[in-house]
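Colleague: The structure's right below; bear with me while I get my questions together.
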Amino acid sequence: MTAAAAFHTAADSVAPKAPAGSGVTFDRVSVAYRGAVVLKPLTMTVAAGEILAMIGPSGSGKTTALRAVAGFVRPASGRIYIGGTDATDLPPCERGLAMVVQNYALFPHMRVSENVAFGLKARGAGRDLIARRVEESLRIVGMSQYSRRFPRELSGGQQQRVAIARALAVRPRVLLLDEPLSALDAQIRRAMVEEVARLHADLPDLTILYVTHDQSEALTLADRIAILKDGELSAIGRTGELYHRPPNRFAAEFLGRANLLPVVVEGKARDHGFVGVRIGDAKVVVSGDDHPAGSRRLMCVRPQNLTLTGDAERSNSIEAELREIHWQGELTHLVAAIGESILRVVATRLPNPPARGDRLSFFFSPSDANLIVEEAGV
Amino acid sequence: MSDAVALAPRAAKVDLAGWWIAPPLIVLALLFLYPLTLIARAALIDDSGGLNLAAAFEVLDSRAFLDALLNTAEIAVASTAGCVVLGLTLGLILAFAPFPGAGLVARIVDTFIALPTFLVTLAFTFLYGSAGILNGALTSGLGLDHPPVDFLYSAWGVVLAEVTVYTPFVLRPLLAAFSLVDRSQIEVASLLGARPLRIVRQVILPAALPAIVAGGSLCLLLTVNEFGIVLFIGAKGVITLPLLIYDKAIQESDYQAACAIAMVNVALSLGLFGLYRFAARRLGG
Amino acid sequence: MLVWSLSGRVLVWSFAALILGVIFVAPLAVIMLASVSQQWNGILPTGFTLEHYRDAAGGAERDAVFASLVTGFVASLLALVTGAWAALALRARAGRWGDALGVLFFIPSAVPSVSVGLGLLVAFSQKPLLLNGTTAIVFVAHYVLISAFAFGNISAGLSRLAPDYEEVASCLGARPGYKLMHVTLPLIAPYLVASFGLSFALSMGELGATVMVYPPGWVTMPVAIFGLTDRGDIFTGAALTMILVVTTLILLLGLERAPIRSAAPR
């Protein structure tokens with residue numbers, strides 16, 4: 001996938017004419033396996049043309065939800081709508097989807113071009129259409145020159161591109177990606193994430209349901225992210241929103257690293273949408289509203305949003321004792337203590353490195369901190 | 001032609017997936033289970049159509065049947081023991097003291113599984129028969145009048161032939177089990193000063209026990225069922241259950257007796273099969 | 001790695017060579033030698049000849065080779081079809097019933113072949129299915145005995161097939177029949193071929209059930225070999241045995257190496 005030009009010419013011809021409403025709706029879908037509930041009633045919608053990433057630790061039910069859309073597991077209750085129609089009782093082959101899986105699952109007995117043609121042939125498409133679509137799909141992923149090869153003659157990254165081409169060729173209503181990059185090594189994975197992002201930029205109507213356990217893939221690619229935990233939807237929202245204002249502790253810690261410090265609400269701040277809180281003796285201002293004075297909250301602030309120098313914007317400061325300092329080339333990781341709590345800081349430039357035991361002031365902007373209602377028992 | 005590939009949604013069909021097993025099951029029932037039930041019927045029901053156990057009991061109480069049962073059990077147990085000892089010895093050498101070409105040898109031994117069992121008996125006639133190589137060498141070498149080796153036409157000949165034929169059935173699972181034994185464990189044990197026999201006893205054998213039990217019980221099953229070897233050796237005194245069934249049915253045309261004996265033989269085999277499944281599942285899982 | 005000293009290794013290896021030589025190599029070698037011997041009364045045969053192979057190439061022995069090949073082919077083909085069918089159908093049926101049925105398909109391999117022959121003789125000597133005295137009953141006997149091996153081999157192959165391939169196929173729109181023909185069967189083709197080879201080899205050596213049911217005019221190789229040795233014609237018997245062994249090995253090794261591009265690992 002080298003020439004960006006190939007994308008643009010290809011996009012004109014291949015962009016799927018999204019069938020009216022090519023989104024997916026889960027309507028109270030639950031799945032049980034051998035008597036155990038693996039997915040609790042889930043209600044959410046993947047809008048047409050968006051990338052929704054489902055993330056969560058293993059066993060969180062994210063793959064089960066994807067397999068329910070594909071039709072490989074039958075919901076114990078609830079309905080699944082694909083493109084506005086009820087698909088709950090349809091067999092997988094009639095759902096108009098395509099899927100890319102972790103180990104690529106390219107058919108080893110077929111050449112690359114036959115692999116890409118598979119879905120169209122299975123649906124009884126004409127020869128001309130097949131030839132055109134195979135050519136277009138391979139061009140989109142930059143694999144045109146490999147069409148006569150067998151999968152075993154390709155590298156992992158190349159195989160995954162063919163798998164994506166195979167899925168695109170049928171112009172699926174929804175593209176299901178099940179940990180598609182997990183089998184690749186880190187460097188190729190980063191490159192592939194960027195390529196998938198470009199692919200979606202060129203095929204803006206393609207709806208993608210993307211399952212991953214890797215939060216950085218989700219942050220890079222997704223329009224929206226759904227976080228699952230223990231078979232339950234823990235949080236869902238637009239990617240930036242979810243990252244900057246995680247609604248709960250799990251979302252904050254699973255999506256990137258976060259400092260969660262216990263605070264007591266003082267009252268509304270002068271500016272609208274901000275509240276004043278107290279951490280030990282320090283008073284700071286954070287974004288948020290509807291938090292009654294005197295209530296206990298967790299303040300969430302990302303490690304990279306804390307600095308050692310203040311300015312007009314970074315008007316909050318808290319004092320902490322430096323416990324550890326790790327220099328890692330471009331970044332320096334600091335671990336400091338505020339009372340019982342640990343504060344992690346990532347600094348990019350550090351002209352005068354502090355020493356262990358120093359008491360330091362850390363600065364952050366009110367808009368980079370928000371409050372989380374502490375869940376009971378967490 | 002439209003660019004959109006047809007995707008007409010259809011109503012869910014009645015789930016027939018479970019019934020796909022029916023055709024092969026019917027074939028199995030007609031060609032295998034039905035004949036088995038007819039064996040029981042022929043053994044237990046007389047010409048008038050009534051239940052008649054007397055005839056069956058008479059057969060099962062006869063000298064010939066009891067001798068055959070005893071012979072079968074003795075030969076099967078002795079052969080299985082031989083197979084386990086030989087398979088273990090060869091397996092240990094092939095896996096832990098491999099020589100150049102050990103892999104090839106393992107493969108050749110493996111193909112023995114697919115060769116007809118009577119082949120060995122025929123070869124033994126040339127090797128250990130009264131006019132065979134061994135006796136030829138001994139008579140001419142020692143100037144004897146009579147061939148000194150005559151174990152071939154006895155139960156021992158059958159046992160030796162069965163050991164040859166069925167050792168691969170023990171060796172195969174053993175080699176698979178040995179390949180899973182952690183090599184570094186053995187190396188650590190030798191560095192700590194353990195002698196080879198001690199390593200075999202304390203490290204290797206416990207790991208290979210499931211394979212030994214599974215291979216051994218399979219051997220027991222196959223040796224109870226063995227027919228070709230016993231038929232080819234054709235020793236007067238060595239009659240096993242399968243051979244007795246053949247004699248009754250084909251030589252004497254006494255089908256009722258044959259069926260009564262076959263019932264016992266099948267029951268014995270199914271019991272051993274159950275034992276083998278149990279061992280393979282319980283220990284091998 | 002258990003025996004470190006050179007002398008110890010040499011000792012162990014000579015021991016292994018002795019056992020392997022006496023038990024596995026000697027029988028095959030001796031039959032090969034006998035099949036080309038003129039006379040064998042002493043330690044070694046006197047004079048070599050291809051006469052026994054000439055005998056085996058004509059008349060009754062040639063008919064036996066033909067009967068065995070046809071029987072093996074027909075029975076193995078049937079076993080391949082029903083074995084694959086049963087294995088595929090049972091794969092979709094997990095749970096207790098599926099397991100129990102799986103065991104049922106294995107049982108023919110546990111029942112003594114003579115009893116299988118006897119059962120067929122009893123069952124098909126009467127109406128409505130009168131097969132006794134026909135070649136069909138030989139095919140059936142061989143089929144029953146090898147069906148369990150075919151089923152087992154194909155089941156093992158299917159269990160090693162990762163579900164991803166078929167799931168991706170049906171997600172892309174392949175209906176069950178299309179998926180079976182274009183994905184599942186090609187992916188397990190190596191196991192199908194190996195299973196056919198093993199079935200054929202086992203059929204070629206089958207004796208117990210065949211002696212119970214064979215009609216005059218359809219004498220398979222093992223039965224012919226028994227007849228020859230029983231009459232004392234052990235040299236022609238040895239030649240026919242060699243033909244049987246070589247055919248079996250060609251089937252086993254040849255089909256194992258068949259140029260099939262596939263085998264999808266889990």
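Residues are referred to by chain and number: the chain letter is A, B, ... according to the order shown in the structure tokens, the number counts from 1 in that chain, and ligands are numbered separately from 1 in the order shown.
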Per DSSP on the backbone, what are the alpha helix (DSSP H) residues of region 180-298 of chain A, as a VMD selection string?
Modeller: chain A and resid 186 to 202 215 to 221 239 to 244 249 to 254
Colleague: Quote the spacing between CA of Ala122 (chain A) and CA of Gly84 (chain A) in Å to one decimal place.
Modeller: 24.2 Å
Colleague: Between CA of Trp156 (chain B) and CA of Ser79 (chain B), what is the distance in Å, rounded to a tenth?
Modeller: 9.2 Å
Colleague: Find the residues in chain A near chain B: any atom within 9 Å counts, using only C-alpha atoms. Write them as a PyMOL selection string.
Modeller: chain A and resi 17+87+89-91+94-96+120+123-126+129+170-171
Colleague: Find the residues of chain A in contact range of chain C, meaning any atom within 9 Å when counting only C-alpha atoms, and list them as a ChimeraX atom specification.
Modeller: /A:70-72,91-101,103-110,118-123,166-167,170,172
Colleague: Residues of chain B were defined as contacting chain C if any atom lay at most 7 Å from it, counting only C-alpha atoms; please report them as a PyMOL selection string.
Modeller: chain B and resi 18+20-21+24+31-32+35-36+38-39+90+96-97+114-116+120+123-124+126+131+133+136-137+164+196+225+227-228+232+242+246+250+262+266+269-270+273
Colleague: How would the residues just chosen look if you wrote them out with C-alpha atoms as a PDB file, in the first residue's frame?
Modeller:
```pdb
ATOM      1  CA  GLY B  18     -29.149 -32.535  13.563  1.00  0.00           C
ATOM      2  CA  TRP B  20     -27.481 -35.009   8.745  1.00  0.00           C
ATOM      3  CA  ILE B  21     -26.132 -37.842  10.841  1.00  0.00           C
ATOM      4  CA  PRO B  24     -24.393 -42.860   7.793  1.00  0.00           C
ATOM      5  CA  LEU B  31     -24.601 -53.390   7.875  1.00  0.00           C
ATOM      6  CA  PHE B  32     -23.172 -53.681  11.367  1.00  0.00           C
ATOM      7  CA  PRO B  35     -26.015 -58.405  11.869  1.00  0.00           C
ATOM      8  CA  LEU B  36     -24.763 -58.217  15.469  1.00  0.00           C
ATOM      9  CA  LEU B  38     -28.928 -61.439  14.493  1.00  0.00           C
ATOM     10  CA  ILE B  39     -25.906 -63.212  16.003  1.00  0.00           C
ATOM     11  CA  LEU B  90      12.517 -49.468  21.730  1.00  0.00           C
ATOM     12  CA  PHE B  96      16.319 -40.631  24.289  1.00  0.00           C
ATOM     13  CA  ALA B  97      19.366 -42.261  22.730  1.00  0.00           C
ATOM     14  CA  ALA B 114      -1.023 -51.363   8.042  1.00  0.00           C
ATOM     15  CA  LEU B 115       0.526 -54.661   6.933  1.00  0.00           C
ATOM     16  CA  PRO B 116      -1.436 -57.920   7.185  1.00  0.00           C
ATOM     17  CA  VAL B 120       4.822 -62.379  10.097  1.00  0.00           C
ATOM     18  CA  ALA B 123       8.033 -65.310   7.661  1.00  0.00           C
ATOM     19  CA  PHE B 124       8.359 -67.240  10.902  1.00  0.00           C
ATOM     20  CA  PHE B 126      10.936 -69.688   7.000  1.00  0.00           C
ATOM     21  CA  ALA B 131      12.825 -76.710   7.913  1.00  0.00           C
ATOM     22  CA  ILE B 133      16.834 -71.120   8.773  1.00  0.00           C
ATOM     23  CA  GLY B 136      18.747 -75.647   9.478  1.00  0.00           C
ATOM     24  CA  ALA B 137      21.682 -73.876  11.033  1.00  0.00           C
ATOM     25  CA  THR B 164       5.976 -58.503  16.465  1.00  0.00           C
ATOM     26  CA  PRO B 196      19.899 -43.174  33.536  1.00  0.00           C
ATOM     27  CA  ASN B 225      -9.530 -60.417  18.209  1.00  0.00           C
ATOM     28  CA  PHE B 227      -7.400 -64.358  13.674  1.00  0.00           C
ATOM     29  CA  GLY B 228      -4.873 -64.431  10.829  1.00  0.00           C
ATOM     30  CA  PHE B 232      -1.733 -69.436   9.597  1.00  0.00           C
ATOM     31  CA  PRO B 242     -12.137 -66.308  16.640  1.00  0.00           C
ATOM     32  CA  TYR B 246     -14.515 -69.988  12.084  1.00  0.00           C
ATOM     33  CA  ILE B 250     -17.259 -72.866   8.074  1.00  0.00           C
ATOM     34  CA  ALA B 262     -19.303 -65.036  18.803  1.00  0.00           C
ATOM     35  CA  VAL B 266     -18.007 -59.691  20.920  1.00  0.00           C
ATOM     36  CA  SER B 269     -14.084 -57.217  22.839  1.00  0.00           C
ATOM     37  CA  LEU B 270     -16.584 -54.491  23.628  1.00  0.00           C
ATOM     38  CA  PHE B 273     -12.865 -51.449  23.949  1.00  0.00           C
TER      39      PHE B 273
END
```
Colleague: Calculate how many Å separate CA of Val162 (chain A) from CA of Val174 (chain A), rounding to one decimal.
Modeller: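 CA of Val162 (chain A) sits 17.7 Å away from CA of Val174 (chain A).
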Colleague: I'd like the contact shell of region 105-112 of chain B - 8 Å cut-off, only C-alpha atoms, skipping same-chain residues fewer than 4 positions apart - returned as a JSON list (two decimals) with N, CA and C atoms, in the first residue's frame.
Modeller:
```json
[["chain", "number", "residue", "atom", "x", "y", "z"],
["B", 94, "LEU", "N", 14.76, -45.05, 20.94],
["B", 94, "LEU", "CA", 14.50, -44.17, 19.80],
["B", 94, "LEU", "C", 14.35, -42.71, 20.23],
["B", 101, "GLY", "N", 19.18, -42.10, 11.74],
["B", 101, "GLY", "CA", 18.18, -42.92, 11.08],
["B", 101, "GLY", "C", 17.09, -43.41, 12.00],
["B", 165, "VAL", "N", 3.76, -58.06, 15.64],
["B", 165, "VAL", "CA", 2.78, -57.31, 14.88],
["B", 165, "VAL", "C", 2.22, -56.13, 15.67],
["B", 168, "PRO", "N", 4.13, -52.04, 17.42],
["B", 168, "PRO", "CA", 3.96, -50.66, 16.93],
["B", 168, "PRO", "C", 2.78, -49.92, 17.55],
["B", 172, "ARG", "N", 3.84, -46.37, 19.08],
["B", 172, "ARG", "CA", 3.39, -45.11, 18.50],
["B", 172, "ARG", "C", 2.94, -44.09, 19.56],
["C", 24, "PHE", "N", 11.62, -56.91, 13.10],
["C", 24, "PHE", "CA", 10.93, -56.21, 12.01],
["C", 24, "PHE", "C", 11.57, -56.41, 10.64],
["C", 249, "LEU", "N", 2.30, -50.70, 0.53],
["C", 249, "LEU", "CA", 3.23, -49.61, 0.80],
["C", 249, "LEU", "C", 3.08, -48.49, -0.22]]
```
Colleague: Set the distance at 7 Å and use only C-alpha atoms: which residues neighbour region 199-216 of chain B once local chain neighbours fewer than 6 positions away are removed? I'd like the list as JSON, numbers by chain.
Modeller: {"B": [80, 84, 169, 170, 173, 174, 177, 178, 181, 186, 189, 276, 279, 280, 283, 284]}
Colleague: Restrict the selected residues to N, CA and C atoms and save them as a tab-separated table (two decimals), in the first residue's frame.
Modeller:
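To be explicit, this is the file written out as selection.tsv:
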```
chain	number	residue	atom	x	y	z
B	80	THR	N	0.42	-58.98	25.07
B	80	THR	CA	0.37	-57.58	25.48
B	80	THR	C	1.55	-57.23	26.37
B	84	VAL	N	4.35	-54.41	25.51
B	84	VAL	CA	4.64	-53.26	26.37
B	84	VAL	C	6.14	-53.21	26.68
B	169	PHE	N	1.74	-50.67	17.95
B	169	PHE	CA	0.58	-50.01	18.54
B	169	PHE	C	0.89	-49.44	19.92
B	170	VAL	N	1.91	-50.01	20.59
B	170	VAL	CA	2.35	-49.43	21.86
B	170	VAL	C	3.39	-48.34	21.60
B	173	PRO	N	2.00	-44.45	20.45
B	173	PRO	CA	1.65	-43.46	21.49
B	173	PRO	C	2.80	-43.15	22.43
B	174	LEU	N	3.68	-44.16	22.64
B	174	LEU	CA	4.81	-43.92	23.54
B	174	LEU	C	5.74	-42.85	22.98
B	177	ALA	N	4.26	-39.57	23.48
B	177	ALA	CA	4.35	-39.11	24.88
B	177	ALA	C	5.78	-38.69	25.22
B	178	PHE	N	6.75	-39.48	24.74
B	178	PHE	CA	8.16	-39.16	25.03
B	178	PHE	C	8.54	-37.81	24.43
B	181	VAL	N	8.06	-35.03	26.80
B	181	VAL	CA	8.83	-34.94	28.04
B	181	VAL	C	9.84	-33.80	27.90
B	186	ILE	N	15.43	-33.67	32.04
B	186	ILE	CA	16.34	-34.81	32.03
B	186	ILE	C	17.77	-34.33	32.20
B	189	ALA	N	18.37	-33.39	35.70
B	189	ALA	CA	18.49	-34.58	36.53
B	189	ALA	C	19.86	-35.23	36.36
B	276	TYR	N	-10.34	-49.51	26.95
B	276	TYR	CA	-9.37	-48.71	26.18
B	276	TYR	C	-9.83	-47.26	26.08
B	279	ALA	N	-9.37	-45.64	29.41
B	279	ALA	CA	-7.96	-45.36	29.72
B	279	ALA	C	-7.46	-44.21	28.87
B	280	ALA	N	-7.78	-44.25	27.58
B	280	ALA	CA	-7.28	-43.21	26.68
B	280	ALA	C	-7.83	-41.85	27.07
B	283	LEU	N	-6.68	-40.96	31.07
B	283	LEU	CA	-5.26	-40.69	31.29
B	283	LEU	C	-4.67	-39.79	30.22
B	284	GLY	N	-5.22	-39.92	29.02
B	284	GLY	CA	-4.61	-39.16	27.93
B	284	GLY	C	-5.13	-37.75	27.82
```
